[in-house]
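Data block for protein.tsv (TSV, N, CA and C atoms):
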chain	number	residue	atom	x	y	z
A	336	GLN	N	0.84	-1.19	0.00
A	336	GLN	CA	0.00	0.00	0.00
A	336	GLN	C	0.88	1.24	0.00
A	337	VAL	N	0.65	2.09	-0.99
A	337	VAL	CA	1.45	3.30	-1.12
A	337	VAL	C	0.96	4.36	-0.14
A	338	GLN	N	1.91	4.99	0.52
A	338	GLN	CA	1.57	6.08	1.42
A	338	GLN	C	2.55	7.21	1.20
A	339	LEU	N	2.02	8.41	1.01
A	339	LEU	CA	2.83	9.62	0.88
A	339	LEU	C	2.39	10.59	1.97
A	340	VAL	N	3.34	11.01	2.80
A	340	VAL	CA	3.01	11.86	3.93
A	340	VAL	C	3.79	13.16	3.83
A	341	GLU	N	3.05	14.26	3.63
A	341	GLU	CA	3.67	15.58	3.52
A	341	GLU	C	3.77	16.26	4.87
A	342	SER	N	4.74	17.14	4.99
A	342	SER	CA	4.88	17.98	6.17
A	342	SER	C	5.61	19.26	5.78
A	343	GLY	N	5.56	20.24	6.68
A	343	GLY	CA	6.33	21.46	6.48
A	343	GLY	C	5.54	22.68	6.06
A	344	GLY	N	4.25	22.52	5.84
A	344	GLY	CA	3.44	23.68	5.47
A	344	GLY	C	3.23	24.60	6.66
A	345	GLY	N	2.63	25.75	6.38
A	345	GLY	CA	2.34	26.69	7.45
A	345	GLY	C	2.07	28.08	6.92
A	346	LEU	N	2.08	29.03	7.85
A	346	LEU	CA	1.86	30.44	7.53
A	346	LEU	C	3.20	31.16	7.49
A	347	VAL	N	3.44	31.89	6.43
A	347	VAL	CA	4.70	32.62	6.27
A	347	VAL	C	4.42	33.98	5.64
A	348	GLN	N	5.25	34.95	5.96
A	348	GLN	CA	5.09	36.27	5.37
A	348	GLN	C	5.66	36.31	3.96
A	349	PRO	N	5.17	37.21	3.14
A	349	PRO	CA	5.76	37.37	1.80
A	349	PRO	C	7.26	37.58	1.90
A	350	GLY	N	7.99	36.92	1.00
A	350	GLY	CA	9.44	36.96	1.01
A	350	GLY	C	10.08	35.88	1.87
A	351	GLY	N	9.28	35.18	2.63
A	351	GLY	CA	9.79	34.13	3.51
A	351	GLY	C	10.03	32.82	2.79
A	352	SER	N	10.44	31.82	3.57
A	352	SER	CA	10.79	30.51	3.04
A	352	SER	C	10.12	29.40	3.84
A	353	LEU	N	9.87	28.30	3.15
A	353	LEU	CA	9.40	27.06	3.77
A	353	LEU	C	10.04	25.90	3.04
A	354	ARG	N	10.19	24.78	3.73
A	354	ARG	CA	10.62	23.55	3.08
A	354	ARG	C	9.59	22.47	3.36
A	355	LEU	N	9.03	21.95	2.28
A	355	LEU	CA	8.10	20.84	2.38
A	355	LEU	C	8.85	19.52	2.24
A	356	SER	N	8.36	18.51	2.96
A	356	SER	CA	8.92	17.16	2.86
A	356	SER	C	7.79	16.19	2.58
A	357	CYS	N	8.13	15.13	1.88
A	357	CYS	CA	7.17	14.06	1.60
A	357	CYS	C	7.91	12.74	1.74
A	358	VAL	N	7.46	11.94	2.70
A	358	VAL	CA	8.06	10.62	2.93
A	358	VAL	C	7.16	9.58	2.28
A	359	ALA	N	7.75	8.73	1.47
A	359	ALA	CA	7.01	7.71	0.75
A	359	ALA	C	7.26	6.33	1.34
A	360	SER	N	6.24	5.49	1.31
A	360	SER	CA	6.38	4.09	1.69
A	360	SER	C	5.52	3.26	0.76
A	361	GLY	N	5.91	1.98	0.62
A	361	GLY	CA	5.13	1.08	-0.23
A	361	GLY	C	5.50	1.13	-1.69
A	362	ILE	N	6.56	1.84	-2.03
A	362	ILE	CA	7.03	1.91	-3.42
A	362	ILE	C	8.55	1.78	-3.45
A	363	THR	N	9.08	1.39	-4.60
A	363	THR	CA	10.53	1.43	-4.81
A	363	THR	C	10.86	2.85	-5.21
A	364	PHE	N	11.08	3.66	-4.20
A	364	PHE	CA	11.11	5.12	-4.34
A	364	PHE	C	12.06	5.58	-5.45
A	365	ARG	N	13.23	5.01	-5.53
A	365	ARG	CA	14.25	5.52	-6.44
A	365	ARG	C	13.82	5.43	-7.91
A	366	LEU	N	12.83	4.58	-8.21
A	366	LEU	CA	12.40	4.40	-9.58
A	366	LEU	C	11.34	5.42	-10.02
A	367	TYR	N	10.72	6.06	-9.05
A	367	TYR	CA	9.55	6.88	-9.33
A	367	TYR	C	9.89	8.32	-9.67
A	368	VAL	N	9.07	8.91	-10.55
A	368	VAL	CA	9.04	10.36	-10.69
A	368	VAL	C	8.25	10.90	-9.50
A	369	MET	N	8.84	11.85	-8.82
A	369	MET	CA	8.18	12.47	-7.67
A	369	MET	C	7.86	13.93	-8.01
A	370	GLY	N	6.69	14.36	-7.60
A	370	GLY	CA	6.29	15.73	-7.95
A	370	GLY	C	5.57	16.41	-6.81
A	371	TRP	N	5.57	17.71	-6.90
A	371	TRP	CA	4.76	18.56	-6.02
A	371	TRP	C	3.75	19.30	-6.89
A	372	TYR	N	2.50	19.23	-6.49
A	372	TYR	CA	1.41	19.94	-7.12
A	372	TYR	C	0.78	20.87	-6.09
A	373	ARG	N	0.01	21.83	-6.57
A	373	ARG	CA	-0.71	22.70	-5.64
A	373	ARG	C	-2.09	23.03	-6.19
A	374	GLN	N	-2.98	23.31	-5.27
A	374	GLN	CA	-4.33	23.69	-5.65
A	374	GLN	C	-4.80	24.82	-4.75
A	375	ALA	N	-5.06	25.95	-5.38
A	375	ALA	CA	-5.60	27.11	-4.67
A	375	ALA	C	-7.12	27.07	-4.74
A	376	PRO	N	-7.79	27.73	-3.82
A	376	PRO	CA	-9.27	27.73	-3.83
A	376	PRO	C	-9.82	28.21	-5.16
A	377	GLY	N	-10.74	27.43	-5.72
A	377	GLY	CA	-11.38	27.80	-6.97
A	377	GLY	C	-10.54	27.57	-8.21
A	378	LYS	N	-9.37	26.97	-8.04
A	378	LYS	CA	-8.48	26.73	-9.19
A	378	LYS	C	-8.19	25.25	-9.34
A	379	GLN	N	-7.73	24.89	-10.52
A	379	GLN	CA	-7.35	23.51	-10.78
A	379	GLN	C	-6.00	23.19	-10.15
A	380	ARG	N	-5.81	21.92	-9.84
A	380	ARG	CA	-4.51	21.49	-9.35
A	380	ARG	C	-3.48	21.65	-10.47
A	381	GLU	N	-2.30	22.16	-10.10
A	381	GLU	CA	-1.27	22.39	-11.10
A	381	GLU	C	0.07	21.84	-10.63
A	382	LEU	N	0.89	21.44	-11.61
A	382	LEU	CA	2.23	20.97	-11.30
A	382	LEU	C	3.10	22.15	-10.87
A	383	VAL	N	3.81	21.96	-9.77
A	383	VAL	CA	4.78	22.95	-9.29
A	383	VAL	C	6.19	22.55	-9.72
A	384	ALA	N	6.56	21.30	-9.44
A	384	ALA	CA	7.90	20.82	-9.77
A	384	ALA	C	7.90	19.30	-9.74
A	385	SER	N	8.80	18.72	-10.52
A	385	SER	CA	8.96	17.27	-10.51
A	385	SER	C	10.42	16.91	-10.66
A	386	ILE	N	10.75	15.69	-10.22
A	386	ILE	CA	12.11	15.19	-10.31
A	386	ILE	C	12.04	13.71	-10.66
A	387	ASN	N	12.83	13.30	-11.65
A	387	ASN	CA	12.74	11.91	-12.06
A	387	ASN	C	13.84	11.06	-11.41
A	388	SER	N	13.92	9.81	-11.82
A	388	SER	CA	14.85	8.89	-11.19
A	388	SER	C	16.30	9.25	-11.46
A	389	GLY	N	16.52	10.04	-12.51
A	389	GLY	CA	17.87	10.49	-12.82
A	389	GLY	C	18.18	11.87	-12.30
A	390	ASP	N	17.30	12.38	-11.44
A	390	ASP	CA	17.44	13.70	-10.82
A	390	ASP	C	17.24	14.87	-11.79
A	391	SER	N	16.65	14.62	-12.94
A	391	SER	CA	16.28	15.73	-13.81
A	391	SER	C	15.03	16.39	-13.24
A	392	THR	N	15.02	17.72	-13.28
A	392	THR	CA	13.93	18.46	-12.67
A	392	THR	C	13.14	19.27	-13.69
A	393	ASN	N	11.92	19.59	-13.30
A	393	ASN	CA	11.04	20.39	-14.14
A	393	ASN	C	10.25	21.31	-13.22
A	394	TYR	N	10.10	22.58	-13.62
A	394	TYR	CA	9.42	23.56	-12.78
A	394	TYR	C	8.36	24.32	-13.56
A	395	ALA	N	7.30	24.69	-12.87
A	395	ALA	CA	6.36	25.64	-13.44
A	395	ALA	C	7.06	26.99	-13.59
A	396	ASP	N	6.70	27.72	-14.63
A	396	ASP	CA	7.34	29.02	-14.89
A	396	ASP	C	7.18	29.95	-13.69
A	397	SER	N	6.07	29.85	-13.00
A	397	SER	CA	5.78	30.77	-11.91
A	397	SER	C	6.69	30.60	-10.70
A	398	VAL	N	7.39	29.45	-10.61
A	398	VAL	CA	8.24	29.19	-9.44
A	398	VAL	C	9.71	29.07	-9.79
A	399	LYS	N	10.05	29.13	-11.06
A	399	LYS	CA	11.46	29.00	-11.46
A	399	LYS	C	12.31	30.08	-10.80
A	400	GLY	N	13.45	29.65	-10.26
A	400	GLY	CA	14.34	30.58	-9.59
A	400	GLY	C	14.00	30.81	-8.13
A	401	ARG	N	12.84	30.34	-7.69
A	401	ARG	CA	12.44	30.51	-6.28
A	401	ARG	C	12.32	29.18	-5.56
A	402	PHE	N	11.86	28.15	-6.25
A	402	PHE	CA	11.63	26.84	-5.63
A	402	PHE	C	12.67	25.84	-6.14
A	403	THR	N	13.03	24.90	-5.28
A	403	THR	CA	13.96	23.83	-5.66
A	403	THR	C	13.43	22.51	-5.16
A	404	ILE	N	13.30	21.55	-6.07
A	404	ILE	CA	12.89	20.19	-5.70
A	404	ILE	C	14.14	19.32	-5.62
A	405	SER	N	14.15	18.42	-4.65
A	405	SER	CA	15.27	17.49	-4.50
A	405	SER	C	14.73	16.20	-3.88
A	406	ARG	N	15.55	15.17	-3.94
A	406	ARG	CA	15.13	13.88	-3.38
A	406	ARG	C	16.29	13.23	-2.67
A	407	ASP	N	15.96	12.41	-1.68
A	407	ASP	CA	16.94	11.61	-0.95
A	407	ASP	C	16.43	10.18	-1.00
A	408	ASN	N	16.99	9.38	-1.90
A	408	ASN	CA	16.51	8.01	-2.09
A	408	ASN	C	16.76	7.13	-0.87
A	409	ALA	N	17.79	7.44	-0.11
A	409	ALA	CA	18.07	6.67	1.10
A	409	ALA	C	16.99	6.86	2.16
A	410	LYS	N	16.32	8.02	2.12
A	410	LYS	CA	15.28	8.33	3.10
A	410	LYS	C	13.88	8.26	2.51
A	411	ASN	N	13.77	7.86	1.24
A	411	ASN	CA	12.46	7.81	0.57
A	411	ASN	C	11.72	9.13	0.69
A	412	THR	N	12.44	10.22	0.52
A	412	THR	CA	11.88	11.54	0.77
A	412	THR	C	12.15	12.49	-0.39
A	413	VAL	N	11.14	13.28	-0.71
A	413	VAL	CA	11.29	14.35	-1.68
A	413	VAL	C	11.00	15.67	-0.97
A	414	TYR	N	11.76	16.69	-1.34
A	414	TYR	CA	11.67	17.99	-0.69
A	414	TYR	C	11.28	19.06	-1.71
A	415	LEU	N	10.68	20.12	-1.19
A	415	LEU	CA	10.45	21.31	-1.99
A	415	LEU	C	10.87	22.51	-1.15
A	416	GLN	N	12.00	23.10	-1.51
A	416	GLN	CA	12.46	24.31	-0.86
A	416	GLN	C	11.83	25.50	-1.56
A	417	MET	N	11.11	26.29	-0.80
A	417	MET	CA	10.38	27.42	-1.37
A	417	MET	C	10.92	28.72	-0.77
A	418	ASN	N	11.50	29.55	-1.61
A	418	ASN	CA	12.07	30.83	-1.17
A	418	ASN	C	11.31	31.98	-1.82
A	419	ASN	N	11.45	33.15	-1.23
A	419	ASN	CA	10.81	34.36	-1.76
A	419	ASN	C	9.33	34.10	-2.05
A	420	LEU	N	8.66	33.58	-1.07
A	420	LEU	CA	7.25	33.21	-1.26
A	420	LEU	C	6.39	34.44	-1.48
A	421	LYS	N	5.37	34.25	-2.30
A	421	LYS	CA	4.44	35.32	-2.66
A	421	LYS	C	3.02	34.92	-2.26
A	422	PRO	N	2.15	35.89	-2.07
A	422	PRO	CA	0.76	35.54	-1.71
A	422	PRO	C	0.11	34.58	-2.71
A	423	GLU	N	0.48	34.69	-3.97
A	423	GLU	CA	-0.10	33.80	-4.98
A	423	GLU	C	0.40	32.37	-4.89
A	424	ASP	N	1.35	32.11	-4.01
A	424	ASP	CA	1.80	30.73	-3.76
A	424	ASP	C	0.90	30.03	-2.74
A	425	THR	N	-0.03	30.75	-2.16
A	425	THR	CA	-0.95	30.17	-1.19
A	425	THR	C	-1.79	29.08	-1.83
A	426	ALA	N	-1.75	27.88	-1.25
A	426	ALA	CA	-2.45	26.73	-1.81
A	426	ALA	C	-2.24	25.53	-0.89
A	427	VAL	N	-2.97	24.47	-1.19
A	427	VAL	CA	-2.65	23.17	-0.60
A	427	VAL	C	-1.65	22.50	-1.53
A	428	TYR	N	-0.55	22.05	-0.97
A	428	TYR	CA	0.50	21.41	-1.75
A	428	TYR	C	0.44	19.90	-1.56
A	429	TYR	N	0.45	19.19	-2.69
A	429	TYR	CA	0.32	17.74	-2.69
A	429	TYR	C	1.57	17.08	-3.25
A	430	CYS	N	1.97	16.01	-2.60
A	430	CYS	CA	3.06	15.18	-3.10
A	430	CYS	C	2.46	14.11	-4.03
A	431	ASN	N	3.20	13.77	-5.07
A	431	ASN	CA	2.73	12.82	-6.06
A	431	ASN	C	3.86	11.87	-6.43
A	432	SER	N	3.52	10.59	-6.58
A	432	SER	CA	4.48	9.62	-7.09
A	432	SER	C	3.92	9.03	-8.37
A	433	GLU	N	4.79	8.80	-9.34
A	433	GLU	CA	4.32	8.31	-10.64
A	433	GLU	C	5.35	7.38	-11.26
A	434	LEU	N	4.86	6.21	-11.74
A	434	LEU	CA	5.69	5.28	-12.49
A	434	LEU	C	4.76	4.56	-13.45
A	435	GLY	N	4.82	4.94	-14.72
A	435	GLY	CA	3.89	4.39	-15.68
A	435	GLY	C	2.47	4.79	-15.32
A	436	ILE	N	1.60	3.78	-15.18
A	436	ILE	CA	0.21	4.07	-14.82
A	436	ILE	C	0.00	4.11	-13.31
A	437	LYS	N	1.04	3.82	-12.56
A	437	LYS	CA	0.92	3.85	-11.10
A	437	LYS	C	1.09	5.28	-10.62
A	438	ARG	N	0.09	5.77	-9.92
A	438	ARG	CA	0.13	7.15	-9.46
A	438	ARG	C	-0.55	7.25	-8.11
A	439	SER	N	0.09	7.96	-7.20
A	439	SER	CA	-0.48	8.13	-5.86
A	439	SER	C	-0.30	9.56	-5.41
A	440	TRP	N	-1.15	9.96	-4.44
A	440	TRP	CA	-1.16	11.32	-3.91
A	440	TRP	C	-1.08	11.30	-2.39
A	441	GLY	N	-0.44	12.31	-1.84
A	441	GLY	CA	-0.50	12.53	-0.41
A	441	GLY	C	-1.78	13.27	-0.04
A	442	GLN	N	-1.90	13.53	1.25
A	442	GLN	CA	-3.13	14.17	1.74
A	442	GLN	C	-3.10	15.69	1.62
A	443	GLY	N	-1.92	16.24	1.37
A	443	GLY	CA	-1.79	17.68	1.19
A	443	GLY	C	-1.35	18.41	2.44
A	444	THR	N	-0.67	19.52	2.24
A	444	THR	CA	-0.27	20.39	3.35
A	444	THR	C	-0.52	21.84	2.93
A	445	GLN	N	-1.10	22.59	3.84
A	445	GLN	CA	-1.49	23.97	3.52
A	445	GLN	C	-0.30	24.91	3.64
A	446	VAL	N	-0.13	25.73	2.61
A	446	VAL	CA	0.86	26.81	2.64
A	446	VAL	C	0.10	28.12	2.46
A	447	THR	N	0.27	29.02	3.42
A	447	THR	CA	-0.39	30.31	3.36
A	447	THR	C	0.66	31.41	3.44
A	448	VAL	N	0.66	32.28	2.45
A	448	VAL	CA	1.62	33.39	2.41
A	448	VAL	C	0.83	34.68	2.60
A	449	SER	N	1.04	35.30	3.74
A	449	SER	CA	0.25	36.48	4.08
A	449	SER	C	0.96	37.31	5.14
A	450	SER	N	0.78	38.61	5.05
A	450	SER	CA	1.34	39.50	6.07
A	450	SER	C	0.30	39.77	7.16
Represent the supplied structure as structure tokens.
Amino acid sequence: QVQLVESGGGLVQPGGSLRLSCVASGITFRLYVMGWYRQAPGKQRELVASINSGDSTNYADSVKGRFTISRDNAKNTVYLQMNNLKPEDTAVYYCNSELGIKRSWGQGTQVTVSS
């Protein structure tokens, strides 16, 4: 049974930083593409960043230069370092694992950027 558990969300002021973590179990983590998605109220879920088994990364244009995705295969963990946060980054952030047709989601963690 696949389980993805996110942590690290919270309330931060504009310009601040947060680091999200997602610990995976029930999968051969090193083989999977891992991603972070977000969904703001009234909007569709969107890809924020992804990292594949070869450590190649992909970012949404809106977060390039501010967010960094990384993974630690020894810890079955994927991270999202978020710097220079903006109010428009406010959303629920979801961890995702993908390998072929196998896809799983975490429960989400709230990130709120507000003064």
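Between A:Leu346 and the candidates A:Lys421, A:Arg438, A:Arg406, A:Arg380, the tightest atom-to-atom separation, counting only C-alpha atoms, involves A:Lys421.
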Distance criterion (all atoms listed in the file): nearest to A:Thr412 out of A:Ser432, A:Phe364, A:Glu381, A:Pro376: A:Phe364
Within 10 Å of A:Thr447 using only C-alpha atoms, minus same-chain residues under 2 positions, as number ranges by chain: A: 344-349, 420-427, 444-445, 449-450
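Note that atom C of A:Asp396 and atom C of A:Gln338 are 27.6 Å apart.
Residues lying within 6 Å of (-0.5, 14.2, -3.3). Counted over all atoms listed in the file, they are Tyr429, Cys430, Asn431, Ser439, Trp440, Gly441, Gln442 and Gly443 of chain A.
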As a PDB file with N, CA and C atoms, in the coordinates of the input, please: every residue in stretch 347-433 of chain A that DSSP puts in helix (DSSP H, G or I).
ATOM      1  N   PHE A 364      11.080   3.660  -4.200  1.00  0.00           N
ATOM      2  CA  PHE A 364      11.110   5.120  -4.340  1.00  0.00           C
ATOM      3  C   PHE A 364      12.060   5.580  -5.450  1.00  0.00           C
ATOM      4  N   ARG A 365      13.230   5.010  -5.530  1.00  0.00           N
ATOM      5  CA  ARG A 365      14.250   5.520  -6.440  1.00  0.00           C
ATOM      6  C   ARG A 365      13.820   5.430  -7.910  1.00  0.00           C
ATOM      7  N   LEU A 366      12.830   4.580  -8.210  1.00  0.00           N
ATOM      8  CA  LEU A 366      12.400   4.400  -9.580  1.00  0.00           C
ATOM      9  C   LEU A 366      11.340   5.420 -10.020  1.00  0.00           C
ATOM     10  N   ASP A 396       6.700  27.720 -14.630  1.00  0.00           N
ATOM     11  CA  ASP A 396       7.340  29.020 -14.890  1.00  0.00           C
ATOM     12  C   ASP A 396       7.180  29.950 -13.690  1.00  0.00           C
ATOM     13  N   SER A 397       6.070  29.850 -13.000  1.00  0.00           N
ATOM     14  CA  SER A 397       5.780  30.770 -11.910  1.00  0.00           C
ATOM     15  C   SER A 397       6.690  30.600 -10.700  1.00  0.00           C
ATOM     16  N   VAL A 398       7.390  29.450 -10.610  1.00  0.00           N
ATOM     17  CA  VAL A 398       8.240  29.190  -9.440  1.00  0.00           C
ATOM     18  C   VAL A 398       9.710  29.070  -9.790  1.00  0.00           C
ATOM     19  N   PRO A 422       2.150  35.890  -2.070  1.00  0.00           N
ATOM     20  CA  PRO A 422       0.760  35.540  -1.710  1.00  0.00           C
ATOM     21  C   PRO A 422       0.110  34.580  -2.710  1.00  0.00           C
ATOM     22  N   GLU A 423       0.480  34.690  -3.970  1.00  0.00           N
ATOM     23  CA  GLU A 423      -0.100  33.800  -4.980  1.00  0.00           C
ATOM     24  C   GLU A 423       0.400  32.370  -4.890  1.00  0.00           C
ATOM     25  N   ASP A 424       1.350  32.110  -4.010  1.00  0.00           N
ATOM     26  CA  ASP A 424       1.800  30.730  -3.760  1.00  0.00           C
ATOM     27  C   ASP A 424       0.900  30.030  -2.740  1.00  0.00           C
TER      28      ASP A 424
END
Spatial neighbours of A:Arg354, 5 Å, all atoms listed in the file, chain gap at least 6 places, as a list in words: Gly343, Leu415, Gln416 and Met417 of chain A
Neighbours of point (12.9, 33.7, 5.0) within 7 Å, using all atoms listed in the file, written as a PyMOL selection string: chain A and resi 350-353+418-419
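Reported to one decimal place, the separation of atom CA of A:Lys410 from atom CA of A:Glu433 is 17.6 Å.
Atom to atom, atom CA of A:Ala395 and atom CA of A:Ala375 stand 14.9 Å apart.
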Which of stretch 352-445 of chain A fall in strand (DSSP E), as a PyMOL selection string: chain A and resi 353-360+368-374+381-386+392-394+402-407+412-417+426-434+437-440+444-445
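Closest approach to A:Ser360 from the set A:Ile386, A:Tyr414, A:Asn393, A:Val337 is made by A:Val337, with distances taken over only C-alpha atoms.
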Distance query A:Leu382 at most 7 Å, only N, CA and C atoms, self and fewer than 4 positions along chain excluded, as a list in words: Trp371, Tyr372, Arg373, Tyr394 and Ala395 of chain A
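Shortest atom-to-atom contact with A:Ser391 among A:Leu339, A:Tyr428, A:Gly370, A:Thr363: A:Gly370, counting only C-alpha atoms.
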Long-range neighbours of A:Val413 as a ChimeraX atom specification, 8 Å cut-off, only C-alpha atoms, 4 positions minimum in chain: /A:356-358,369,404-407
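Distances to A:Glu341 were evaluated for A:Leu355, A:Val446, A:Ile436, A:Val398 using only C-alpha atoms, and the minimum falls at A:Leu355.
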